[in-house]
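entry.cif (mmCIF, C-alpha atoms)
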```cif
data_data
#
loop_
_atom_site.label_atom_id
_atom_site.label_comp_id
_atom_site.auth_asym_id
_atom_site.auth_seq_id
_atom_site.Cartn_x
_atom_site.Cartn_y
_atom_site.Cartn_z
CA MET A 1 141.93 -81.59 21.54
CA SER A 2 140.97 -79.01 24.07
CA SER A 3 139.14 -75.98 22.73
CA VAL A 4 140.23 -73.94 25.76
CA HIS A 5 142.61 -71.09 25.15
CA VAL A 6 145.86 -71.60 27.04
CA SER A 7 147.72 -68.35 27.67
CA PRO A 8 151.51 -68.49 27.54
CA LEU A 9 153.36 -68.24 30.84
CA SER A 10 154.79 -64.87 29.77
CA THR A 11 151.27 -63.37 29.67
CA TYR A 12 150.64 -64.19 33.32
CA LEU A 13 154.06 -62.95 34.42
CA SER A 14 153.81 -59.66 32.54
CA ILE A 15 150.28 -59.03 33.86
CA PHE A 16 151.55 -59.70 37.38
CA ALA A 17 154.44 -57.28 36.81
CA ALA A 18 152.04 -54.65 35.50
CA LEU A 19 149.80 -55.09 38.57
CA MET A 20 152.83 -54.65 40.86
CA VAL A 21 153.92 -51.47 39.06
CA LEU A 22 150.39 -50.06 39.23
CA SER A 23 150.19 -50.85 42.97
CA ALA A 24 153.43 -48.93 43.51
CA ILE A 25 152.07 -46.00 41.47
CA THR A 26 148.89 -46.00 43.59
CA VAL A 27 150.89 -45.59 46.79
CA GLY A 28 153.22 -43.03 45.21
CA ALA A 29 150.38 -40.95 43.80
CA ALA A 30 148.66 -40.83 47.19
CA PHE A 31 151.60 -38.85 48.58
CA VAL A 32 151.44 -36.23 45.82
CA ASN A 33 148.92 -33.46 46.32
CA LEU A 34 146.66 -33.60 43.27
CA GLY A 35 143.78 -31.87 45.03
CA SER A 36 140.44 -33.39 44.12
CA PHE A 37 142.15 -35.61 41.56
CA ASN A 38 143.75 -37.85 44.21
CA PRO A 39 140.72 -40.16 44.50
CA VAL A 40 140.20 -39.99 40.73
CA VAL A 41 143.76 -41.22 40.09
CA ALA A 42 143.47 -43.90 42.80
CA LEU A 43 140.21 -45.23 41.36
CA ALA A 44 141.43 -45.02 37.76
CA ILE A 45 144.45 -47.16 38.64
CA ALA A 46 142.22 -49.62 40.54
CA VAL A 47 139.92 -49.89 37.51
CA ILE A 48 142.91 -50.57 35.22
CA LYS A 49 144.19 -53.25 37.63
CA ALA A 50 140.74 -54.88 37.89
CA THR A 51 140.42 -54.84 34.10
CA LEU A 52 143.79 -56.58 33.69
CA VAL A 53 142.77 -59.26 36.21
CA ILE A 54 139.38 -59.78 34.54
CA LEU A 55 140.72 -59.92 30.98
CA PHE A 56 143.82 -62.07 31.51
CA PHE A 57 143.69 -63.90 34.86
CA MET A 58 139.95 -64.58 34.50
CA HIS A 59 140.30 -65.24 30.73
CA VAL A 60 137.39 -62.98 29.81
CA LYS A 61 139.40 -61.75 26.82
CA TYR A 62 139.09 -65.28 25.40
CA SER A 63 135.53 -65.96 26.62
CA SER A 64 132.33 -66.07 24.64
CA ARG A 65 130.38 -62.93 23.87
CA LEU A 66 127.65 -64.04 26.30
CA THR A 67 130.15 -64.21 29.16
CA LYS A 68 131.60 -60.82 28.20
CA ILE A 69 128.13 -59.26 28.26
CA THR A 70 127.48 -60.78 31.69
CA VAL A 71 130.73 -59.31 33.03
CA VAL A 72 129.92 -55.86 31.67
CA MET A 73 126.38 -56.16 33.07
CA SER A 74 127.63 -56.72 36.61
CA PHE A 75 129.42 -53.37 36.55
CA PHE A 76 126.55 -51.74 34.67
CA PHE A 77 124.21 -52.71 37.53
CA VAL A 78 126.64 -51.26 40.07
CA ALA A 79 126.68 -48.05 38.02
CA ILE A 80 122.87 -47.96 38.24
CA LEU A 81 123.04 -48.56 41.99
CA PHE A 82 125.52 -45.69 42.40
CA ALA A 83 123.86 -43.26 39.99
CA GLU A 84 120.30 -43.61 41.24
CA THR A 85 121.14 -43.62 44.93
CA PHE A 86 123.46 -40.64 44.49
CA ILE A 87 120.61 -38.79 42.77
CA ASP A 88 118.47 -39.51 45.84
CA TYR A 89 121.07 -38.24 48.29
CA ALA A 90 121.93 -35.21 46.16
CA THR A 91 118.33 -34.05 45.82
CA ARG A 92 117.04 -34.23 49.39
CA GLY A 93 116.74 -30.47 49.52
CA MET A 94 118.74 -27.53 48.27
CA PRO A 95 122.46 -27.80 48.84
CA GLY A 96 123.16 -27.15 52.49
CA ASP A 97 119.52 -27.37 53.54
CA ILE A 98 119.78 -30.72 55.15
CA PRO A 99 123.05 -31.27 56.94
CA PRO A 100 124.38 -34.80 57.18
CA PRO A 101 123.50 -36.53 60.43
CA LEU A 102 125.91 -36.18 63.35
CA ARG A 103 126.96 -32.64 62.62
CA MET B 1 130.22 -93.16 34.14
CA SER B 2 127.12 -95.04 33.05
CA ASN B 3 125.34 -91.85 31.99
CA GLY B 4 127.54 -91.40 28.99
CA ASN B 5 127.11 -95.01 27.84
CA ALA B 6 123.34 -94.97 28.11
CA HIS B 7 123.30 -91.75 26.15
CA ALA B 8 125.46 -93.14 23.37
CA GLU B 9 123.32 -96.29 23.08
CA GLY B 10 120.14 -94.50 22.11
CA ALA B 11 121.76 -92.05 19.76
CA SER B 12 121.87 -92.64 16.06
CA PRO B 13 124.52 -91.03 13.83
CA ALA B 14 121.81 -88.83 12.34
CA HIS B 15 121.33 -87.17 15.69
CA GLY B 16 124.89 -86.06 15.79
CA HIS B 17 125.86 -87.95 18.92
CA ASP B 18 128.17 -90.30 17.13
CA HIS B 19 131.55 -88.94 18.08
CA ALA B 20 134.73 -90.48 16.83
CA HIS B 21 135.87 -90.84 20.46
CA ALA B 22 134.08 -91.91 23.62
CA HIS B 23 132.37 -89.35 25.83
CA HIS B 24 134.50 -87.78 28.50
CA PRO B 25 133.44 -89.32 31.82
CA ALA B 26 132.81 -85.85 33.28
CA LEU B 27 130.37 -84.89 30.48
CA GLN B 28 126.91 -84.58 31.99
CA HIS B 29 124.06 -86.07 29.96
CA HIS B 30 122.32 -82.69 29.44
CA PHE B 31 125.28 -81.27 27.51
CA ASP B 32 126.32 -82.22 24.00
CA THR B 33 130.00 -81.41 24.23
CA MET B 34 132.64 -80.64 26.84
CA SER B 35 133.08 -77.12 25.52
CA GLN B 36 129.33 -76.49 25.80
CA GLN B 37 129.43 -77.77 29.38
CA ARG B 38 132.43 -75.59 30.17
CA GLU B 39 130.79 -72.54 28.62
CA ALA B 40 127.66 -73.05 30.74
CA GLY B 41 129.79 -73.39 33.87
CA VAL B 42 131.76 -70.22 33.21
CA LEU B 43 128.56 -68.29 32.50
CA GLY B 44 126.93 -69.57 35.69
CA MET B 45 129.98 -68.62 37.74
CA TRP B 46 129.93 -65.11 36.29
CA VAL B 47 126.23 -64.74 37.14
CA PHE B 48 127.16 -65.62 40.73
CA LEU B 49 130.03 -63.13 40.65
CA LEU B 50 127.57 -60.51 39.35
CA THR B 51 125.60 -60.88 42.59
CA GLU B 52 128.87 -60.60 44.50
CA VAL B 53 129.81 -57.41 42.67
CA LEU B 54 126.46 -55.92 43.71
CA PHE B 55 126.86 -57.21 47.27
CA PHE B 56 130.17 -55.38 47.67
CA GLY B 57 128.88 -52.52 45.51
CA GLY B 58 126.37 -51.58 48.20
CA LEU B 59 129.17 -51.31 50.75
CA PHE B 60 131.31 -49.24 48.40
CA PHE B 61 128.33 -46.94 47.92
CA ALA B 62 127.87 -46.53 51.69
CA TYR B 63 131.58 -45.70 51.84
CA ALA B 64 131.19 -43.08 49.11
CA ILE B 65 128.28 -41.31 50.84
CA TYR B 66 129.90 -41.23 54.28
CA ARG B 67 133.24 -40.17 52.83
CA SER B 68 131.58 -37.23 51.08
CA TRP B 69 129.86 -36.22 54.33
CA TYR B 70 132.75 -36.72 56.73
CA TYR B 71 135.80 -36.31 54.56
CA ASP B 72 137.96 -34.88 57.37
CA ALA B 73 137.19 -37.83 59.62
CA PHE B 74 137.90 -40.28 56.81
CA ALA B 75 141.21 -38.58 56.04
CA ALA B 76 142.27 -38.58 59.70
CA ALA B 77 141.14 -42.16 60.35
CA SER B 78 142.76 -43.45 57.16
CA ALA B 79 146.01 -41.67 58.06
CA SER B 80 146.09 -43.61 61.35
CA ILE B 81 146.35 -46.92 59.44
CA GLU B 82 149.81 -48.26 58.67
CA ILE B 83 150.33 -48.45 54.91
CA LEU B 84 153.04 -51.13 54.89
CA PRO B 85 150.93 -54.13 56.01
CA GLY B 86 148.27 -53.12 53.47
CA LEU B 87 150.83 -52.81 50.71
CA ILE B 88 152.42 -56.16 51.61
CA ASN B 89 148.96 -57.72 51.55
CA THR B 90 148.34 -56.21 48.11
CA VAL B 91 151.51 -57.86 46.82
CA VAL B 92 150.66 -61.14 48.59
CA LEU B 93 147.10 -61.25 47.25
CA ILE B 94 147.99 -60.34 43.67
CA GLY B 95 150.77 -62.92 43.95
CA SER B 96 148.19 -65.49 45.01
CA SER B 97 146.11 -64.55 41.97
CA LEU B 98 149.18 -65.28 39.83
CA THR B 99 149.72 -68.71 41.44
CA MET B 100 145.98 -69.43 41.07
CA ALA B 101 146.10 -68.52 37.37
CA LEU B 102 149.19 -70.71 36.93
CA SER B 103 147.38 -73.59 38.63
CA VAL B 104 144.48 -73.27 36.16
CA ARG B 105 147.02 -73.17 33.34
CA ALA B 106 148.73 -76.31 34.68
CA ALA B 107 145.35 -78.06 34.78
CA GLN B 108 144.63 -76.94 31.21
CA THR B 109 147.92 -78.50 30.09
CA ASN B 110 147.56 -81.77 32.03
CA GLN B 111 150.34 -81.01 34.52
CA ARG B 112 148.94 -82.67 37.62
CA LYS B 113 151.91 -82.05 39.91
CA ALA B 114 152.18 -78.39 38.92
CA THR B 115 148.42 -77.92 39.45
CA VAL B 116 148.74 -79.23 43.00
CA ASN B 117 151.86 -77.18 43.75
CA TRP B 118 150.43 -73.89 42.47
CA LEU B 119 147.23 -74.53 44.46
CA ILE B 120 149.29 -75.09 47.61
CA ALA B 121 151.18 -71.86 46.89
CA THR B 122 147.83 -70.07 46.59
CA ILE B 123 146.69 -71.48 49.95
CA ILE B 124 149.94 -70.37 51.60
CA LEU B 125 149.71 -66.83 50.20
CA GLY B 126 146.04 -66.59 51.17
CA THR B 127 146.91 -67.65 54.70
CA VAL B 128 149.75 -65.10 54.87
CA PHE B 129 147.24 -62.42 53.84
CA LEU B 130 144.89 -63.43 56.65
CA GLY B 131 147.79 -63.53 59.12
CA ILE B 132 148.75 -59.94 58.29
CA LYS B 133 145.06 -59.02 58.60
CA VAL B 134 145.04 -60.51 62.11
CA TYR B 135 148.07 -58.34 62.99
CA GLU B 136 146.28 -55.27 61.63
CA TYR B 137 143.07 -56.03 63.51
CA ALA B 138 145.02 -56.59 66.74
CA ASP B 139 146.66 -53.19 66.19
CA LYS B 140 143.21 -51.57 65.89
CA PHE B 141 142.10 -53.22 69.13
CA ALA B 142 145.28 -52.02 70.84
CA HIS B 143 144.58 -48.43 69.75
CA ASN B 144 140.86 -48.59 70.63
CA HIS B 145 140.03 -48.05 66.97
CA VAL B 146 137.32 -50.70 67.03
CA PRO B 147 133.82 -49.18 66.92
CA GLY B 148 131.97 -49.66 70.16
CA ALA B 149 131.88 -48.50 73.76
CA SER B 150 135.67 -48.27 74.14
CA PHE B 151 136.29 -46.48 70.84
CA GLN B 152 138.78 -43.62 71.06
CA PHE B 153 140.25 -41.54 68.34
CA ALA B 154 142.75 -38.76 68.86
CA HIS B 155 143.83 -36.75 65.88
CA VAL B 156 147.46 -37.62 65.36
CA PRO B 157 149.29 -34.63 63.87
CA ALA B 158 151.43 -35.41 60.87
CA PRO B 159 155.17 -34.76 61.21
CA GLY B 160 155.72 -31.00 61.06
CA GLU B 161 152.07 -30.20 61.68
CA PRO B 162 151.65 -28.08 64.81
CA HIS B 163 149.85 -29.94 67.55
CA VAL B 164 146.53 -28.19 68.02
CA GLU B 165 143.32 -29.45 69.55
CA GLU B 166 141.11 -27.87 66.93
CA PRO B 167 141.69 -28.14 63.19
CA ALA B 168 143.41 -25.18 61.61
CA ALA B 169 141.46 -21.93 61.31
CA GLY B 170 140.00 -21.19 57.91
CA HIS B 171 139.07 -24.84 57.45
CA VAL B 172 135.38 -24.66 56.55
CA THR B 173 134.34 -27.98 58.02
CA THR B 174 135.97 -27.75 61.41
CA MET B 175 134.89 -30.43 63.79
CA GLY B 176 135.35 -30.64 67.52
CA HIS B 177 136.85 -33.63 69.28
CA ASP B 178 133.48 -35.32 69.89
CA GLU B 179 132.42 -35.06 66.27
CA ILE B 180 135.77 -36.36 65.06
CA GLU B 181 135.40 -39.29 67.42
CA ARG B 182 131.85 -40.06 66.32
CA THR B 183 132.54 -39.70 62.62
CA THR B 184 135.85 -41.58 62.58
CA GLN B 185 133.91 -44.42 64.14
CA ILE B 186 131.88 -44.57 60.92
CA PHE B 187 135.08 -44.98 58.93
CA PHE B 188 136.24 -47.81 61.17
CA SER B 189 132.79 -49.46 61.00
CA LEU B 190 133.11 -49.52 57.23
CA TYR B 191 136.75 -50.63 57.52
CA PHE B 192 135.84 -53.65 59.63
CA THR B 193 132.72 -54.50 57.61
CA MET B 194 134.46 -54.34 54.24
CA THR B 195 137.77 -55.97 55.19
CA GLY B 196 135.87 -58.45 57.40
CA LEU B 197 133.56 -59.58 54.61
CA HIS B 198 136.55 -59.70 52.30
CA ALA B 199 138.38 -61.90 54.82
CA VAL B 200 135.32 -64.17 55.13
CA HIS B 201 135.44 -64.60 51.35
CA MET B 202 139.12 -65.49 51.61
CA ILE B 203 138.46 -68.07 54.34
CA VAL B 204 135.74 -69.66 52.19
CA GLY B 205 138.14 -69.57 49.24
CA ILE B 206 140.91 -71.28 51.20
CA VAL B 207 138.53 -74.06 52.33
CA ILE B 208 137.51 -74.60 48.69
CA LEU B 209 141.19 -74.54 47.65
CA PHE B 210 141.96 -77.37 50.09
CA ILE B 211 139.19 -79.49 48.54
CA ILE B 212 140.34 -78.69 44.99
CA THR B 213 143.96 -79.45 45.89
CA TRP B 214 142.89 -82.84 47.21
CA MET B 215 140.91 -83.54 44.01
CA ALA B 216 143.88 -82.46 41.88
CA HIS B 217 146.19 -84.68 43.94
CA LYS B 218 143.84 -87.62 43.30
CA GLY B 219 144.14 -86.97 39.57
CA ARG B 220 140.52 -85.98 39.07
CA PHE B 221 141.31 -83.24 36.54
CA ASP B 222 142.65 -83.26 33.00
CA SER B 223 142.90 -80.76 30.17
CA GLU B 224 139.30 -81.53 29.13
CA TRP B 225 137.69 -81.26 32.54
CA HIS B 226 139.04 -79.09 35.36
CA ALA B 227 135.95 -76.98 35.99
CA PRO B 228 136.41 -76.88 39.80
CA VAL B 229 139.92 -75.43 39.41
CA GLU B 230 138.71 -72.90 36.86
CA MET B 231 135.68 -71.81 38.92
CA THR B 232 137.73 -71.52 42.10
CA GLY B 233 140.13 -69.38 40.09
CA LEU B 234 137.35 -67.04 38.99
CA TYR B 235 136.19 -66.70 42.61
CA TRP B 236 139.72 -66.12 43.90
CA HIS B 237 140.45 -63.44 41.29
CA PHE B 238 137.18 -61.72 42.19
CA VAL B 239 138.25 -61.56 45.84
CA ASP B 240 141.56 -60.10 44.63
CA ILE B 241 139.69 -57.40 42.68
CA VAL B 242 137.71 -56.39 45.79
CA TRP B 243 141.02 -55.86 47.61
CA ILE B 244 142.40 -53.85 44.67
CA PHE B 245 139.63 -51.31 45.39
CA LEU B 246 139.70 -51.59 49.18
CA PHE B 247 143.41 -50.83 49.49
CA PRO B 248 143.43 -47.24 48.10
CA LEU B 249 140.00 -46.41 49.56
CA LEU B 250 140.83 -47.45 53.11
CA TYR B 251 144.59 -46.90 53.41
CA LEU B 252 145.29 -43.94 51.13
CA VAL B 253 142.50 -41.38 51.61
CA GLU B 254 144.74 -38.37 52.25
CA ARG B 255 148.45 -39.01 52.64
CA HIS B 256 149.80 -35.82 51.05
CA ASN B 257 150.38 -33.34 53.83
#
```
Would you encode the structure as structure tokens?
Amino acid sequence: MSSVHVSPLSTYLSIFAALMVLSAITVGAAFVNLGSFNPVVALAIAVIKATLVILFFMHVKYSSRLTKITVVMSFFFVAILFAETFIDYATRGMPGDIPPPLR
Amino acid sequence: MSNGNAHAEGASPAHGHDHAHAHHPALQHHFDTMSQQREAGVLGMWVFLLTEVLFFGGLFFAYAIYRSWYYDAFAAASASIEILPGLINTVVLIGSSLTMALSVRAAQTNQRKATVNWLIATIILGTVFLGIKVYEYADKFAHNHVPGASFQFAHVPAPGEPHVEEPAAGHVTTMGHDEIERTTQIFFSLYFTMTGLHAVHMIVGIVILFIITWMAHKGRFDSEWHAPVEMTGLYWHFVDIVWIFLFPLLYLVERHN
């Protein structure tokens, strides 16, 4: 007998429905003025959607611990990439000292 | 396959190779069990996807830096993009992820016909996505929004906004027409690079899907071994995730005005 976890059809359909609802919310939220929170909301919804896809469509919820660690690592490395490069850009002089190019 | 037989010959029960049933023909000789082989495959695929996450991560970082520098240009350029085709493509691509997942499920449950049909549905939806992308690209060419010598960008005032050449007074980061044109070009460079590389991934995915569909049609997969379907699924869902981030970042920078 197969040791692979087979998700019921209803799981896939409800995840798809959730992704559709979240996509609609993304568009709706973009038209509401939330100030500096607009990109935060947009990215938060995108992260939720990506998490749903990873956990249920990509079966990571039912995968081994080693696979789960690998998945988390990929985003951990991106976080390092972002954090360290941002530190570089943010510390190239006092704020306002060095204007961005083309201005 | 002869590999499995040769392996079984030399194995004594004490070594634990004496299964009650014969080896699955797809079991490679360097794995003990099908589930071990599957586990190794999934892990390997995720290591590949890790490199892909970093590959796109660099582009998302470039986007973040330029957006923080030239926010006004990004807002204006993003506002010039039609939302509807992007939204339709979001629905189409997430729909294709659903059909892909259902195809893997059909393979897991030995439903050969359903596996083939869901794979074909995935190919069709992927192609629809690329078709809409072609329409969008053509629209950019028509409006001279493609970076290069003929690039032009005029600030299109939103409905109700008074038509003025210069941005409203009191805006700290006012930019003249030339600067807007130069900096919006950066947005469109990132737009074409990111959506272009995403589209290349889709084209590769569709080619692989054709091969997998053919293999499924030939009855090469069963509930024990359908690694190609599963790995293609992981790849396809990854491409879907990239779009999940691209859509709000490129189409919805500043729509509330």
Could you make a table, as JSON lines, of the residues of region 3-77 of chain A that have an atom within 12 Å of an atom of region 219-230 of chain B, each with its nearest atom pair and distance in Å to one decimal, counting only C-alpha atoms, in chain and number order?
```
{"residue": "A:Ser3", "atom": "CA", "partner": "B:Glu224", "partner_atom": "CA", "distance": 8.5}
{"residue": "A:Val4", "atom": "CA", "partner": "B:Glu224", "partner_atom": "CA", "distance": 8.4}
{"residue": "A:His5", "atom": "CA", "partner": "B:Ser223", "partner_atom": "CA", "distance": 10.9}
{"residue": "A:Val6", "atom": "CA", "partner": "B:Ser223", "partner_atom": "CA", "distance": 10.1}
{"residue": "A:Phe57", "atom": "CA", "partner": "B:Glu230", "partner_atom": "CA", "distance": 10.5}
{"residue": "A:Met58", "atom": "CA", "partner": "B:Glu230", "partner_atom": "CA", "distance": 8.7}
{"residue": "A:His59", "atom": "CA", "partner": "B:Glu230", "partner_atom": "CA", "distance": 9.9}
```
Kindly export the residues of the current selection with C-alpha atoms, as an mmCIF file, in the coordinates of the input.
```cif
data_model
loop_
_atom_site.group_PDB
_atom_site.id
_atom_site.type_symbol
_atom_site.label_atom_id
_atom_site.label_comp_id
_atom_site.auth_asym_id
_atom_site.auth_seq_id
_atom_site.Cartn_x
_atom_site.Cartn_y
_atom_site.Cartn_z
ATOM 1 C CA SER A 3 139.140 -75.980 22.730
ATOM 2 C CA VAL A 4 140.230 -73.940 25.760
ATOM 3 C CA HIS A 5 142.610 -71.090 25.150
ATOM 4 C CA VAL A 6 145.860 -71.600 27.040
ATOM 5 C CA PHE A 57 143.690 -63.900 34.860
ATOM 6 C CA MET A 58 139.950 -64.580 34.500
ATOM 7 C CA HIS A 59 140.300 -65.240 30.730
#
```
Evaluating the PyMOL selection byres ((chain A and resi 68-76) around 12) on the displayed file yields which residues, as JSON, numbers by chain?
{"A": [47, 50, 51, 54, 55, 58, 59, 60, 61, 62, 63, 64, 65, 66, 67, 77, 78, 79, 80, 81, 82, 83], "B": [39, 42, 43, 44, 45, 46, 47, 48, 49, 50, 51, 52, 53, 54, 55, 56, 57, 234, 238]}
Select, as a ChimeraX atom specification, those residues of chain B with any atom no more than 9 Å from chain A (distances computed using all atoms listed in the file).
/B:34-35,39,42-43,46-47,49-54,57-58,61,65-66,69-70,83,87,90-91,94-95,97-98,100-102,105,108-109,175,179,182-183,223-224,230,233-234,237-238,240-242,244-245,248-249,252-257
Answer key for the PyMOL selection byres ((chain B and resi 194) around 10), residues as an NGL selection string
:B and (56 or 59-60 or 63 or 188-193 or 195-200 or 242-243 or 246 or 250)
In Å, how far is it from CA of Phe151 (chain B) to CA of Phe187 (chain B)?
12.1 Å
Find the residues around Phe153 (chain B) up to 12 Å (all atoms listed in the file counted), leave out those fewer than 2 positions away in its own chain, and share them as a PyMOL selection string.
chain B and resi 73-74+76-80+140-148+150-151+155-156+176-188
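CA of Leu84 (chain B) is found 19.8 Å from CA of Ile124 (chain B).
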Any chance you could resolve the PyMOL selection byres ((chain B and resi 214-218) around 8) against this file and give the residues as a compact mmCIF listing (two decimals) with C-alpha atoms, keeping the file's coordinate frame?
```
# COMPACT_ATOMS: atom_id res chain seq x y z
CA ARG B 112 148.94 -82.67 37.62
CA LYS B 113 151.91 -82.05 39.91
CA THR B 115 148.42 -77.92 39.45
CA VAL B 116 148.74 -79.23 43.00
CA PHE B 210 141.96 -77.37 50.09
CA ILE B 211 139.19 -79.49 48.54
CA ILE B 212 140.34 -78.69 44.99
CA THR B 213 143.96 -79.45 45.89
CA GLY B 219 144.14 -86.97 39.57
CA ARG B 220 140.52 -85.98 39.07
CA PHE B 221 141.31 -83.24 36.54
```
Using Å and a single decimal, report how far CA of Asn110 (chain B) sits from CA of Leu125 (chain B).
23.6 Å
